[in-house]
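What follows is a set of notes on a single structure, which appears directly below.
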Amino acid sequence: MVHDVLVLGGSGVDATVHVPELPLPYADTYGVPPIQERVGNTGAGVALGCAALGLSVAFADLVGDDPQGAIIREALSGVDARWGRAAAGTRRSVLLVGPDGRRTSLHDPRDTPGERLPRELYAGVRARHAHVSITGYCRDVYDDLDGIPTSTDLHDWDGVNDHHRDFAYRSGLVFLSAAALESPERVMRHILDRGRAEAVVCMRGAEGCLVLPRGGDLRAFPAAPLPGPVADTNGAGDAFVSGFLYGRLRGRPLEECVRLGALAGAHACTVAGTHEAPITEATLLARRDRIAAGA
């Protein structure tokens with residue numbers, strides 16, 4: 001079987017805490033709504049988002065022999081998932097979510113020096129595309145992906161941190177956030193100059209995104225209209241990537257891939273939780289068609 005997408009690394013568990021404001025002023029105690037633990041992190045989001053869009057997905061990662069690992073295994077039971085053991089346990093995050101849906105993430109990566117994603121988990125998987133999460137133990141997977149188009153999401157890279165460089169320079173399609181960048185265009189051009197990417201996409205939240213293809217001009221695209229009130233913004237970037245990859249694997253032009261990504265990201269902002277209810281293929285295409293018709 002040939003999968004559409006192979007996602008490597010990047011699963012974890014999010015504990016979502018709704019707080020009265022961000023940044024949260026100091027106080028000894030805050031009363032908050034029920035705190036829920038859900039599957040989270042970037043790789044899980046891309047895998048679940050692509051699966052909801054009807055793509056065939058394989059997933060490989062390290063998780064712990066702990067309750068959080070069980071949450072992840074259950075959430076990803078609908079895809080072709082392959083698991084190795086994370087020596088330090090499952091990665092987790094505490095997400096502080098304000099009333100306007102903005103969030104602050106407190107991430108516990110559970111890193112173990114020298115840990116690597118075992119080759120046998122993914123080397124035999126046939127896939128049309130591989131998305132590589134920026135977990136340290138995925139740094140060496142590129143040597144085993146020769147001939148498979150690749151992508152990565154650098155998230156809030158500042159353009160300087162060495163951790164991200166291998167992923168930035170070795171991926172064929174690079175996503176990142178503008179959150180930590182003074183000059184997104186400069187960093188995007190740097191990625192193209194130093195690496196192998198054919199295009200770089202810089203996500204800017206409500207301001208839309210910037211797209212710079214190799215040999216082309218920088219273009220700005222608007223955000224998609226929200227289909228409902230903001231619940232929280234967790235997972236919006238991962239949803240954007242899923243929508244973009246859906247368009248790419250369906251042979252759509254770059255501009256439509258961007259718009260499909262924006263629609264998927266807008267949907268994620270209206271759904272509580274990180275990856276609880278990703279947009280489906282039918283809903284994505286219906287919203288695309290309504291916008292195209294001016295409805």
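Chain labels follow the order of the structure tokens: the first chain is A, the next B, and so on; residue numbering restarts at 1 in every chain, and ligands are counted from 1 in their shown order.
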Give one line per residue of segment 41-65 of chain A that approaches segment 138-154 of chain A to at most 12 Å, naming the two atoms of the closest pair and their distance in Å to one decimal, counting only C-alpha atoms; sort by chain then ascending residue number and deliver it as a Markdown table.
| residue | atom | partner | partner_atom | distance |
| --- | --- | --- | --- | --- |
| A:Asn41 | CA | A:Asp153 | CA | 11.6 |
| A:Thr42 | CA | A:Asp153 | CA | 8.3 |
| A:Gly43 | CA | A:Asp153 | CA | 9.4 |
| A:Gly45 | CA | A:Asp153 | CA | 11.6 |
| A:Val46 | CA | A:Asp153 | CA | 10.1 |
| A:Ala60 | CA | A:Cys138 | CA | 10.1 |
| A:Asp61 | CA | A:Cys138 | CA | 8.9 |
| A:Leu62 | CA | A:Cys138 | CA | 10.1 |
Would you give me, as a PDB file with N, CA, C and O atoms, in the first residue's frame, the residues in segment 18-154 of chain A that DSSP reads as helix (DSSP H, G or I)?
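Generated file (result_25.pdb):
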ATOM      1  N   THR A  42       2.406  18.874  17.165  1.00  0.00           N
ATOM      2  CA  THR A  42       2.293  19.157  15.738  1.00  0.00           C
ATOM      3  C   THR A  42       2.125  17.941  14.850  1.00  0.00           C
ATOM      4  O   THR A  42       1.296  17.929  13.936  1.00  0.00           O
ATOM      5  N   GLY A  43       2.905  16.879  15.081  1.00  0.00           N
ATOM      6  CA  GLY A  43       2.812  15.723  14.204  1.00  0.00           C
ATOM      7  C   GLY A  43       1.458  15.058  14.270  1.00  0.00           C
ATOM      8  O   GLY A  43       0.881  14.678  13.242  1.00  0.00           O
ATOM      9  N   ALA A  44       0.929  14.932  15.483  1.00  0.00           N
ATOM     10  CA  ALA A  44      -0.409  14.356  15.647  1.00  0.00           C
ATOM     11  C   ALA A  44      -1.445  15.212  14.937  1.00  0.00           C
ATOM     12  O   ALA A  44      -2.379  14.692  14.311  1.00  0.00           O
ATOM     13  N   GLY A  45      -1.285  16.538  15.010  1.00  0.00           N
ATOM     14  CA  GLY A  45      -2.233  17.429  14.355  1.00  0.00           C
ATOM     15  C   GLY A  45      -2.230  17.283  12.851  1.00  0.00           C
ATOM     16  O   GLY A  45      -3.286  17.232  12.208  1.00  0.00           O
ATOM     17  N   VAL A  46      -1.051  17.212  12.263  1.00  0.00           N
ATOM     18  CA  VAL A  46      -0.966  17.052  10.810  1.00  0.00           C
ATOM     19  C   VAL A  46      -1.522  15.693  10.400  1.00  0.00           C
ATOM     20  O   VAL A  46      -2.273  15.583   9.420  1.00  0.00           O
ATOM     21  N   ALA A  47      -1.189  14.643  11.139  1.00  0.00           N
ATOM     22  CA  ALA A  47      -1.679  13.303  10.802  1.00  0.00           C
ATOM     23  C   ALA A  47      -3.204  13.234  10.879  1.00  0.00           C
ATOM     24  O   ALA A  47      -3.867  12.734   9.961  1.00  0.00           O
ATOM     25  N   LEU A  48      -3.772  13.721  11.973  1.00  0.00           N
ATOM     26  CA  LEU A  48      -5.223  13.661  12.137  1.00  0.00           C
ATOM     27  C   LEU A  48      -5.929  14.585  11.153  1.00  0.00           C
ATOM     28  O   LEU A  48      -7.002  14.254  10.630  1.00  0.00           O
ATOM     29  N   GLY A  49      -5.330  15.737  10.878  1.00  0.00           N
ATOM     30  CA  GLY A  49      -5.925  16.652   9.914  1.00  0.00           C
ATOM     31  C   GLY A  49      -5.937  16.068   8.517  1.00  0.00           C
ATOM     32  O   GLY A  49      -6.946  16.156   7.802  1.00  0.00           O
ATOM     33  N   CYS A  50      -4.841  15.457   8.099  1.00  0.00           N
ATOM     34  CA  CYS A  50      -4.787  14.840   6.771  1.00  0.00           C
ATOM     35  C   CYS A  50      -5.757  13.669   6.667  1.00  0.00           C
ATOM     36  O   CYS A  50      -6.428  13.489   5.644  1.00  0.00           O
ATOM     37  N   ALA A  51      -5.854  12.866   7.730  1.00  0.00           N
ATOM     38  CA  ALA A  51      -6.774  11.733   7.713  1.00  0.00           C
ATOM     39  C   ALA A  51      -8.222  12.198   7.588  1.00  0.00           C
ATOM     40  O   ALA A  51      -9.025  11.595   6.862  1.00  0.00           O
ATOM     41  N   ALA A  52      -8.576  13.276   8.298  1.00  0.00           N
ATOM     42  CA  ALA A  52      -9.942  13.805   8.216  1.00  0.00           C
ATOM     43  C   ALA A  52     -10.270  14.308   6.817  1.00  0.00           C
ATOM     44  O   ALA A  52     -11.436  14.337   6.418  1.00  0.00           O
ATOM     45  N   PRO A  67       0.157   6.897  31.006  1.00  0.00           N
ATOM     46  CA  PRO A  67      -1.217   7.211  30.617  1.00  0.00           C
ATOM     47  C   PRO A  67      -1.311   8.170  29.434  1.00  0.00           C
ATOM     48  O   PRO A  67      -2.228   8.064  28.616  1.00  0.00           O
ATOM     49  N   GLN A  68      -0.358   9.094  29.335  1.00  0.00           N
ATOM     50  CA  GLN A  68      -0.373  10.030  28.210  1.00  0.00           C
ATOM     51  C   GLN A  68      -0.117   9.302  26.892  1.00  0.00           C
ATOM     52  O   GLN A  68      -0.715   9.613  25.867  1.00  0.00           O
ATOM     53  N   GLY A  69       0.780   8.313  26.935  1.00  0.00           N
ATOM     54  CA  GLY A  69       1.022   7.515  25.736  1.00  0.00           C
ATOM     55  C   GLY A  69      -0.228   6.776  25.284  1.00  0.00           C
ATOM     56  O   GLY A  69      -0.497   6.644  24.085  1.00  0.00           O
ATOM     57  N   ALA A  70      -1.006   6.309  26.252  1.00  0.00           N
ATOM     58  CA  ALA A  70      -2.254   5.613  25.917  1.00  0.00           C
ATOM     59  C   ALA A  70      -3.247   6.552  25.238  1.00  0.00           C
ATOM     60  O   ALA A  70      -3.975   6.149  24.318  1.00  0.00           O
ATOM     61  N   ILE A  71      -3.288   7.802  25.672  1.00  0.00           N
ATOM     62  CA  ILE A  71      -4.174   8.792  25.040  1.00  0.00           C
ATOM     63  C   ILE A  71      -3.805   8.965  23.570  1.00  0.00           C
ATOM     64  O   ILE A  71      -4.667   9.020  22.681  1.00  0.00           O
ATOM     65  N   ILE A  72      -2.514   9.049  23.293  1.00  0.00           N
ATOM     66  CA  ILE A  72      -2.047   9.249  21.919  1.00  0.00           C
ATOM     67  C   ILE A  72      -2.361   8.037  21.058  1.00  0.00           C
ATOM     68  O   ILE A  72      -2.860   8.159  19.927  1.00  0.00           O
ATOM     69  N   ARG A  73      -2.072   6.845  21.566  1.00  0.00           N
ATOM     70  CA  ARG A  73      -2.337   5.638  20.791  1.00  0.00           C
ATOM     71  C   ARG A  73      -3.814   5.521  20.425  1.00  0.00           C
ATOM     72  O   ARG A  73      -4.170   5.127  19.312  1.00  0.00           O
ATOM     73  N   GLU A  74      -4.673   5.855  21.366  1.00  0.00           N
ATOM     74  CA  GLU A  74      -6.110   5.791  21.105  1.00  0.00           C
ATOM     75  C   GLU A  74      -6.518   6.826  20.064  1.00  0.00           C
ATOM     76  O   GLU A  74      -7.281   6.527  19.138  1.00  0.00           O
ATOM     77  N   ALA A  75      -6.012   8.043  20.196  1.00  0.00           N
ATOM     78  CA  ALA A  75      -6.404   9.118  19.275  1.00  0.00           C
ATOM     79  C   ALA A  75      -5.965   8.826  17.846  1.00  0.00           C
ATOM     80  O   ALA A  75      -6.641   9.217  16.889  1.00  0.00           O
ATOM     81  N   ARG A 119      14.738   3.406  12.652  1.00  0.00           N
ATOM     82  CA  ARG A 119      14.540   3.348  11.209  1.00  0.00           C
ATOM     83  C   ARG A 119      13.463   2.333  10.824  1.00  0.00           C
ATOM     84  O   ARG A 119      12.712   2.561   9.871  1.00  0.00           O
ATOM     85  N   GLU A 120      13.386   1.237  11.558  1.00  0.00           N
ATOM     86  CA  GLU A 120      12.431   0.187  11.184  1.00  0.00           C
ATOM     87  C   GLU A 120      10.974   0.633  11.331  1.00  0.00           C
ATOM     88  O   GLU A 120      10.066  -0.019  10.797  1.00  0.00           O
ATOM     89  N   LEU A 121      10.736   1.734  12.037  1.00  0.00           N
ATOM     90  CA  LEU A 121       9.366   2.223  12.183  1.00  0.00           C
ATOM     91  C   LEU A 121       8.836   2.868  10.900  1.00  0.00           C
ATOM     92  O   LEU A 121       7.622   2.933  10.698  1.00  0.00           O
ATOM     93  N   GLY A 136      13.997  16.436  18.063  1.00  0.00           N
ATOM     94  CA  GLY A 136      15.402  16.155  17.852  1.00  0.00           C
ATOM     95  C   GLY A 136      15.678  14.769  17.328  1.00  0.00           C
ATOM     96  O   GLY A 136      16.610  14.556  16.531  1.00  0.00           O
ATOM     97  N   TYR A 137      14.884  13.786  17.732  1.00  0.00           N
ATOM     98  CA  TYR A 137      15.155  12.415  17.312  1.00  0.00           C
ATOM     99  C   TYR A 137      14.721  12.135  15.873  1.00  0.00           C
ATOM    100  O   TYR A 137      14.931  11.036  15.362  1.00  0.00           O
ATOM    101  N   CYS A 138      14.124  13.136  15.198  1.00  0.00           N
ATOM    102  CA  CYS A 138      13.789  12.981  13.777  1.00  0.00           C
ATOM    103  C   CYS A 138      14.833  13.620  12.858  1.00  0.00           C
ATOM    104  O   CYS A 138      14.689  13.578  11.635  1.00  0.00           O
ATOM    105  N   VAL A 141      16.239  11.408   9.884  1.00  0.00           N
ATOM    106  CA  VAL A 141      15.374  10.597   9.027  1.00  0.00           C
ATOM    107  C   VAL A 141      15.528  10.936   7.544  1.00  0.00           C
ATOM    108  O   VAL A 141      15.210  10.111   6.685  1.00  0.00           O
ATOM    109  N   TYR A 142      16.029  12.123   7.238  1.00  0.00           N
ATOM    110  CA  TYR A 142      16.079  12.546   5.833  1.00  0.00           C
ATOM    111  C   TYR A 142      16.910  11.596   4.972  1.00  0.00           C
ATOM    112  O   TYR A 142      16.593  11.395   3.792  1.00  0.00           O
ATOM    113  N   ASP A 143      17.950  11.017   5.537  1.00  0.00           N
ATOM    114  CA  ASP A 143      18.780  10.107   4.758  1.00  0.00           C
ATOM    115  C   ASP A 143      18.018   8.875   4.293  1.00  0.00           C
ATOM    116  O   ASP A 143      18.416   8.234   3.313  1.00  0.00           O
ATOM    117  N   ASP A 144      16.916   8.546   4.974  1.00  0.00           N
ATOM    118  CA  ASP A 144      16.113   7.386   4.610  1.00  0.00           C
ATOM    119  C   ASP A 144      14.906   7.751   3.752  1.00  0.00           C
ATOM    120  O   ASP A 144      14.102   6.880   3.419  1.00  0.00           O
TER     121      ASP A 144
END
**Asked** Quick one: residues within 9 Å of segment 173-176 of chain A, only C-alpha atoms counted, chain neighbours fewer than 5 positions away excluded, as a list in words?
**Response**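 Listing them by chain and then by number gives Pro149, Thr150, Ser151, Thr152, Asp153, Leu154, His155, Asp156, Trp157, Phe167, Ala168, Met188, Ile191, Arg196, Ala197, Glu198, Ala199, Val200, Val201, Cys202, Met203, Gly237 and Val241 of chain A.
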**Request:** Would you return as a ChimeraX atom specification the members of segment 15-165 of chain A that DSSP assigns to strand (DSSP E or B) on this structure's backbone?
**Result:** /A:15-18,36-40,57-63,80-85,92-97,103-108,126-132,150-153
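Across the model, the gap from atom CA of Asp14 of chain A to atom CA of Leu210 of chain A is 28.4 Å.
One finds atom CA of His131 of chain A at 20.6 Å from atom CA of Asn161 of chain A.
What separates atom CA of Val271 of chain A from atom CA of Gly64 of chain A is a distance of 27.6 Å.
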Write out as a compact mmCIF listing (two decimals) with C-alpha atoms, in the first residue's frame each polymer residue whose atoms come within 10 Å of Met1 of chain A, counting only C-alpha atoms; drop sequence neighbours fewer than 4 positions from it.
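The result, written out as result.txt:
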# COMPACT_ATOMS: atom_id res chain seq x y z
CA SER A 56 -4.15 7.84 3.65
CA VAL A 125 6.60 2.74 4.47
CA ARG A 126 5.78 3.72 0.91
CA ALA A 127 4.43 7.26 0.79
**Prompt:** Which of these residues is nearest to Arg103 of chain A, using only C-alpha atoms: A:Gly208, A:Pro20, A:Pro34, A:Gly78?
**Reply:** A:Pro20
